[in-house]
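To start, the structure under review is shown below, and the notes come after it.
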Amino acid sequence: MLERLSLRDFVIVTSLEVEFGAGFAVLTGETGAGKSILIDALQLALGGRADAGVVREGATRTEIAAEFSRIPPQAQQWLEHNGFAAEEVLLLRRTVDHQGRSRAWINGSTATQGQLRELGEWLLDIHGQHAWQSLTRPAALRALLDDHAGLDNRELARRWSLWQAARLRLAEARRLGDARENERERLAWQIAELDRLAPGDQEWPELNAEHQKLAHAQSILDALQLALDCLSESEISASHLTSRAMDALTSVSGFDPALRSATEVLQAAQAHLDDVTHSLNAALRRTELDPDRLGEVDARLSAWVGLARRFRRPPEELPQTLAAWRDELRALDAATDLEGLARDAEAAQRSFLEEARRISALRRKAAPAWSQSITAAMQTLGMAGGRFEIQLTALDEPQAWGLESVEFCVAGHAGSHPRPIGKVASGGELSRIALAIAVTDSVRPEAIEHGAGTLIFDEVDAGIGGAVAHTVGRLMRQLGSQRQVLAVTHLAQVAACADRHLLVSKITECGSTHSDVRPIEGQARIVEVARMLGGHADSKASLAHAREMLECVDNGQAPELQLGELAAP
């Protein structure tokens with residue numbers, strides 16, 4: 001339930017705080033006083049589109065805060081799921097600066113505009129003064145029925161997307177069949193060429209290393225033999241000379257102990273020389289001249305280089321190129337598998353139609369019951385004998401929303417046949433039908449239990465008056481016994497039925513104009529109702545009429561309407 005709304009520097013409001021209570025409340029005021037400003041502010045607080053135009057002239061930013069209590073369970077679950085504090089009181093706050101930049105908070109934590117909008121769906125239902133206009137739009141009619149039937153169309157939309165994607169792949173494969181076949185042949189030929197080479201992942205660097213060794217085998221042998229001669233095999237080799245030096249020092253180290261360390265160093269050097277000699281001998285045994293193998297490696301390298309030039313790739317990338325071409329060929333084979341693509345499209349179509357038929361069954365179950373409820377409401381709204389009918393017409397081809405179109409039809413009086421609502425209903429009748437739809441949908445047990453706790457009607461009573469206006473007021477009053485209801489109205493009959501009355505006025509001070517909202521009761525309320533009746537607010541007749549209307553409501557003299565009879569059975 002909406003408890004409090006605070007505004008600062010919003011349009012023509014300098015600073016304003018309005019408290020709301022349970023039941024049915026009305027907002028009234030002179031034309032141009034800004035009765036819809038509070039509704040606009042609420043929509044902004046609940047994620048509506050913001051721009052710099054909402055900032056009061058001369059101010060740097062506007063700020064709106066909406067406080068709710070008795071949070072619906074679904075809203076509590078949403079808060080917990082999205083990481084926001086779920087407390088007894090919910091505070092939504094939104095700011096917009098003079099450059100149009102917007103910021104938002106939920107219970108003190110920063111939030112996005114989309115998050116405000118998602119949460120707002122569980123808190124408020126706003127029925128605008130032009131709600132009747134949606135009754136002429138097929139998509140809006142379908143959405144109204146689906147919402148009333150409690151349908152979740154997300155799975156239907158998902159299956160439609162899968163079906164359309166499968167159809168597109170099949171059509172594209174058929175259209176590009178020849179081009180893809182040519183591409184497939186080209187890839188197959190290139191792969192065959194590389195397959196004959198069969199390049200290994202590490203073969204290129206290994207071939208280069210082996211070629212270097214084979215091409216310089218004689219130089220390697222000569223260098224090994226020379227090194228061995230120097231180290232151990234010649235008469236003046238390093239090993240022989242080191243051995244003689246050790247013998248000389250060993251013979252005199254007994255006379256000079258300091259020479260022992262030099263002897264130990266020479267012994268270590270002799271050991272290293274022996275190790276190197278052993279390694280060089282092993283390398284000499286492994287190294288041999290092999291012109292046949294050198295020719296094989298040369299030929300293999302030439303094959304690599306030739307294919308690399310042909311396909312304009314670095315030689316070292318040939319293995320990766322072969323793998324990539326194989327992947328492309330597999331993809332092309334899958335894309336040109338027309339039979340497989342056709343099977344996929346047919347399976348996706350069957351899946352969509354299965355879900356679409358389920359949705360259709362639920363629509364056909366909900367439509368007659370809701371039509372009956374709206375027809376009942378029309379009898380109390382000045383359309384006695386009228387009849388409302390929701391017609392579902394099978395489509396020639398399935399669409400994203402299902403297998404049928406939805407049309408609202410109405411017969412304005414007894415004996416006439418229902419026809420499309422936009423063709424036979426006047427503006428006033430459309431407004432009343434929109435109100436009947438809103439009321440009958442709002443009193444559903446599911447809507448009361450799981451729907452938004454607050455309903456707002458923004459001049460949906462436009463174009464009606466007299467006894468019908470009394471009926472509208474009583475409907476909203478009784479609806480207020482089940483949920484919080486706020487109505488912006490210009491009808492005295494509706495205002496007289498309210499539990500609380502808020503007066504919107506425009507005040508000019510020091511050359512500037514701003515709006516103000518204050519609760520009225522007693523004599524102030526009588527004066528406002530008298531003004532709304534169309535007479536002079538200070539005339540005795542108007543005041544007496546207004547007082548009588550209010551007393552009739554307060555004393556319970558107005559006949560009660562049974563809202564339960566308007567709910568769908």
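Lettering and numbering for the structure tokens are positional, with chains as A, B, ... in the shown order, residues counted from 1 in each chain, and ligands counted from 1 in the shown order.
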Assign secondary structure with DSSP using the backbone only, and return the residues of range 94-168 of chain A in alpha helix (DSSP H) as a ChimeraX atom specification.
/A:113-120,138-148,154-168
Determine, using only C-alpha atoms, which residues of range 449-548 of chain A have any atom at most 12 Å from an atom of range 4-7 of chain A, and tabulate each with its shortest atom pair and distance in Å to one decimal place, rows ordered by chain and then rising number, as CSV.
residue,atom,partner,partner_atom,distance
A:Ser515,CA,A:Leu7,CA,10.9
A:Asp516,CA,A:Leu7,CA,10.6
A:Val517,CA,A:Leu7,CA,11.0
Would you put the residues from that selection into a file with all heavy atoms, as an mmCIF file, in the first residue's frame?
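After the write, selection11.cif holds the following:
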data_model
loop_
_atom_site.group_PDB
_atom_site.id
_atom_site.type_symbol
_atom_site.label_atom_id
_atom_site.label_comp_id
_atom_site.auth_asym_id
_atom_site.auth_seq_id
_atom_site.Cartn_x
_atom_site.Cartn_y
_atom_site.Cartn_z
ATOM 1 N N SER A 515 2.094 24.019 -7.356
ATOM 2 C CA SER A 515 0.938 23.220 -6.973
ATOM 3 C C SER A 515 1.065 22.776 -5.527
ATOM 4 O O SER A 515 2.170 22.585 -5.006
ATOM 5 C CB SER A 515 0.815 21.977 -7.862
ATOM 6 O OG SER A 515 0.305 22.324 -9.124
ATOM 7 N N ASP A 516 -0.106 22.584 -4.913
ATOM 8 C CA ASP A 516 -0.141 22.131 -3.534
ATOM 9 C C ASP A 516 -1.241 21.078 -3.399
ATOM 10 O O ASP A 516 -2.263 21.142 -4.105
ATOM 11 C CB ASP A 516 -0.403 23.300 -2.582
ATOM 12 C CG ASP A 516 -0.358 22.865 -1.130
ATOM 13 O OD1 ASP A 516 0.646 22.265 -0.732
ATOM 14 O OD2 ASP A 516 -1.346 23.099 -0.409
ATOM 15 N N VAL A 517 -1.048 20.122 -2.534
ATOM 16 C CA VAL A 517 -2.042 19.076 -2.289
ATOM 17 C C VAL A 517 -2.269 18.985 -0.789
ATOM 18 O O VAL A 517 -1.308 18.869 -0.020
ATOM 19 C CB VAL A 517 -1.570 17.706 -2.819
ATOM 20 C CG1 VAL A 517 -2.637 16.639 -2.553
ATOM 21 C CG2 VAL A 517 -1.253 17.773 -4.304
#
Looking only at the backbone, which of the residues in range 390-532 of chain A does DSSP tag as strand (DSSP E or B), as a PyMOL selection string?
chain A and resi 390-399+402-411+419-420+454-458+484-488+500-509+512-520
For the interface of range 23-140 of chain A with range 489-512 of chain A (cut-off 8 Å, counting only C-alpha atoms), please tabulate each contacting residue of range 23-140 of chain A alongside its nearest pair of atoms and their separation in Å to one decimal, rows sorted by chain and increasing number, as JSON lines.
{"residue": "A:Gly23", "atom": "CA", "partner": "A:Asp499", "partner_atom": "CA", "distance": 6.2}
{"residue": "A:Phe24", "atom": "CA", "partner": "A:Asp499", "partner_atom": "CA", "distance": 5.2}
{"residue": "A:Ala25", "atom": "CA", "partner": "A:Arg500", "partner_atom": "CA", "distance": 4.5}
{"residue": "A:Val26", "atom": "CA", "partner": "A:His501", "partner_atom": "CA", "distance": 5.1}
{"residue": "A:Leu27", "atom": "CA", "partner": "A:Leu502", "partner_atom": "CA", "distance": 4.8}
{"residue": "A:Thr28", "atom": "CA", "partner": "A:Leu503", "partner_atom": "CA", "distance": 5.2}
{"residue": "A:Gly29", "atom": "CA", "partner": "A:Val504", "partner_atom": "CA", "distance": 4.9}
{"residue": "A:Glu30", "atom": "CA", "partner": "A:Ser505", "partner_atom": "CA", "distance": 6.9}
{"residue": "A:Gly32", "atom": "CA", "partner": "A:Lys506", "partner_atom": "CA", "distance": 7.9}
{"residue": "A:Ala33", "atom": "CA", "partner": "A:Lys506", "partner_atom": "CA", "distance": 4.9}
{"residue": "A:Gly34", "atom": "CA", "partner": "A:Val504", "partner_atom": "CA", "distance": 6.8}
{"residue": "A:Lys35", "atom": "CA", "partner": "A:Val504", "partner_atom": "CA", "distance": 5.9}
Can you tell me, as a PyMOL selection string, what residues are no more than 8 Å from range 10-15 of chain A when counting only C-alpha atoms, ignoring any on the same chain fewer than 4 positions away?
chain A and resi 6+41+53-57+62-64+513-516
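If you look at CA of Leu273 in chain A and CA of Arg285 in chain A, they are 18.4 Å away from each other.
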Give me, as number ranges by chain, all polymer residues having an atom no more than 12 Å from Trp105 in chain A, counting only C-alpha atoms and skipping those fewer than 6 positions away in the same chain.
A: 45-47, 63-67, 84-85, 90-95, 111-116, 119
I need the chosen residues saved as a compact mmCIF listing (two decimals), in the first residue's frame, with C-alpha atoms.
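See out-v9.txt below for the written result:
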# COMPACT_ATOMS: atom_id res chain seq x y z
CA ALA A 45 9.38 6.76 -9.02
CA LEU A 46 8.40 3.36 -10.39
CA GLY A 47 10.77 3.43 -13.34
CA GLU A 63 13.67 14.32 -6.26
CA ILE A 64 10.79 11.89 -5.71
CA ALA A 65 10.37 9.39 -2.88
CA ALA A 66 7.54 6.86 -2.58
CA GLU A 67 7.01 4.86 0.62
CA PHE A 84 17.78 -5.56 -1.88
CA ALA A 85 16.85 -5.33 1.80
CA LEU A 90 9.74 -0.08 1.14
CA LEU A 91 11.27 3.22 0.04
CA LEU A 92 11.77 4.04 -3.64
CA ARG A 93 13.72 7.18 -4.49
CA ARG A 94 14.49 8.77 -7.85
CA THR A 95 16.36 11.93 -8.83
CA ALA A 111 19.07 0.53 -8.51
CA THR A 112 18.45 0.78 -12.24
CA GLN A 113 15.42 2.21 -13.98
CA GLY A 114 14.55 -1.30 -15.17
CA GLN A 115 14.64 -2.65 -11.61
CA LEU A 116 12.27 0.10 -10.45
CA LEU A 119 9.33 -3.92 -8.79
Rows by chain and residue number, range 83-188 of chain A within 9 Å of range 408-424 of chain A, shortest pair, only C-alpha atoms, as a tab-separated table:
residue	atom	partner	partner_atom	distance
A:Gln133	CA	A:Gly422	CA	8.8
A:Leu135	CA	A:Gly422	CA	7.0
A:Thr136	CA	A:Gly422	CA	5.2
A:Arg137	CA	A:Gly422	CA	8.9
A:Pro138	CA	A:Phe408	CA	8.8
A:Leu141	CA	A:Phe408	CA	7.1
Can you spit out the residues from that selection as a tab-separated table (two decimals), in the first residue's frame, using C-alpha atoms?
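And here's selection.tsv as it stands now:
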chain	number	residue	atom	x	y	z
A	133	GLN	CA	-7.72	4.01	-26.57
A	135	LEU	CA	-9.31	-1.05	-26.76
A	136	THR	CA	-8.83	-0.32	-30.45
A	137	ARG	CA	-5.37	-1.95	-30.64
A	138	PRO	CA	-5.27	-5.73	-31.25
A	141	LEU	CA	-6.58	-6.48	-26.34
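Distances here use only C-alpha atoms; by that measure, the residue among A:Gln202, A:Gln43, A:Asn82, A:Thr440 closest to Ile456 in chain A is A:Gln43.
Distances here use only C-alpha atoms; by that measure, the residue among A:Leu318, A:Leu151, A:Arg357, A:Leu42 closest to Gly306 in chain A is A:Leu318.
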Nearby residues (only C-alpha atoms) at most 9 Å from Leu280 in chain A, same-chain spacing under 5 positions excluded, as a list in words
Leu224, Gln225, Ala227, Leu228, Asp275 and Arg285 of chain A
Could the residues in this selection be written to a file with N, CA, C and O atoms, as a JSON list (two decimals), in the first residue's frame?
[["chain", "number", "residue", "atom", "x", "y", "z"],
["A", 224, "LEU", "N", 84.46, -31.76, -33.89],
["A", 224, "LEU", "CA", 84.54, -32.72, -32.80],
["A", 224, "LEU", "C", 85.92, -33.36, -32.71],
["A", 224, "LEU", "O", 86.50, -33.51, -31.62],
["A", 225, "GLN", "N", 86.46, -33.75, -33.87],
["A", 225, "GLN", "CA", 87.78, -34.39, -33.88],
["A", 225, "GLN", "C", 88.86, -33.44, -33.40],
["A", 225, "GLN", "O", 89.76, -33.81, -32.63],
["A", 227, "ALA", "N", 88.48, -30.89, -31.42],
["A", 227, "ALA", "CA", 88.32, -30.67, -29.98],
["A", 227, "ALA", "C", 88.86, -31.84, -29.18],
["A", 227, "ALA", "O", 89.53, -31.66, -28.15],
["A", 228, "LEU", "N", 88.62, -33.07, -29.67],
["A", 228, "LEU", "CA", 89.14, -34.23, -28.96],
["A", 228, "LEU", "C", 90.67, -34.26, -28.98],
["A", 228, "LEU", "O", 91.31, -34.64, -27.99],
["A", 275, "ASP", "N", 85.01, -35.60, -18.51],
["A", 275, "ASP", "CA", 83.58, -35.59, -18.83],
["A", 275, "ASP", "C", 83.34, -35.04, -20.24],
["A", 275, "ASP", "O", 82.54, -35.59, -21.03],
["A", 285, "ARG", "N", 80.34, -40.39, -32.32],
["A", 285, "ARG", "CA", 79.78, -41.68, -32.76],
["A", 285, "ARG", "C", 78.38, -41.49, -33.38],
["A", 285, "ARG", "O", 78.00, -42.22, -34.28]]
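Interatomic distance, CA of Arg286 in chain A against CA of Ala271 in chain A: 23.1 Å.
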Can you tell me, as a PyMOL selection string, what residues are no more than 6 Å from range 255-263 of chain A when counting only C-alpha atoms, ignoring any on the same chain fewer than 3 positions away?
chain A and resi 246+252+266
Atoms kept (all heavy atoms) for selection, written as a PDB file, in the first residue's frame:
ATOM      1  N   MET A 246      99.757 -31.806 -12.374  1.00  0.00           N
ATOM      2  CA  MET A 246      99.356 -32.397 -11.096  1.00  0.00           C
ATOM      3  C   MET A 246     100.483 -33.225 -10.506  1.00  0.00           C
ATOM      4  O   MET A 246     100.763 -33.174  -9.294  1.00  0.00           O
ATOM      5  CB  MET A 246      98.109 -33.269 -11.281  1.00  0.00           C
ATOM      6  CG  MET A 246      96.816 -32.485 -11.390  1.00  0.00           C
ATOM      7  SD  MET A 246      95.368 -33.566 -11.220  1.00  0.00           S
ATOM      8  CE  MET A 246      95.670 -34.698 -12.568  1.00  0.00           C
ATOM      9  N   VAL A 252     105.942 -32.081  -4.750  1.00  0.00           N
ATOM     10  CA  VAL A 252     106.532 -31.080  -3.843  1.00  0.00           C
ATOM     11  C   VAL A 252     105.526 -30.570  -2.821  1.00  0.00           C
ATOM     12  O   VAL A 252     105.851 -29.709  -1.987  1.00  0.00           O
ATOM     13  CB  VAL A 252     107.110 -29.896  -4.637  1.00  0.00           C
ATOM     14  CG1 VAL A 252     108.267 -30.366  -5.518  1.00  0.00           C
ATOM     15  CG2 VAL A 252     106.032 -29.206  -5.454  1.00  0.00           C
ATOM     16  N   LEU A 266      93.365 -28.650  -9.904  1.00  0.00           N
ATOM     17  CA  LEU A 266      93.765 -29.332 -11.127  1.00  0.00           C
ATOM     18  C   LEU A 266      93.081 -30.692 -11.245  1.00  0.00           C
ATOM     19  O   LEU A 266      92.714 -31.122 -12.344  1.00  0.00           O
ATOM     20  CB  LEU A 266      95.289 -29.516 -11.162  1.00  0.00           C
ATOM     21  CG  LEU A 266      96.103 -28.231 -11.433  1.00  0.00           C
ATOM     22  CD1 LEU A 266      97.595 -28.503 -11.261  1.00  0.00           C
ATOM     23  CD2 LEU A 266      95.830 -27.705 -12.837  1.00  0.00           C
TER      24      LEU A 266
END
Measure the distance from CA of Arg8 in chain A to CA of Ala59 in chain A in Å and round it to one decimal.
9.5 Å
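Between Leu322 in chain A and the residues A:Ala209, A:Ile106, A:Ala139, A:Ala308, the shortest atom-to-atom distance, using only C-alpha atoms, involves A:Ala308.
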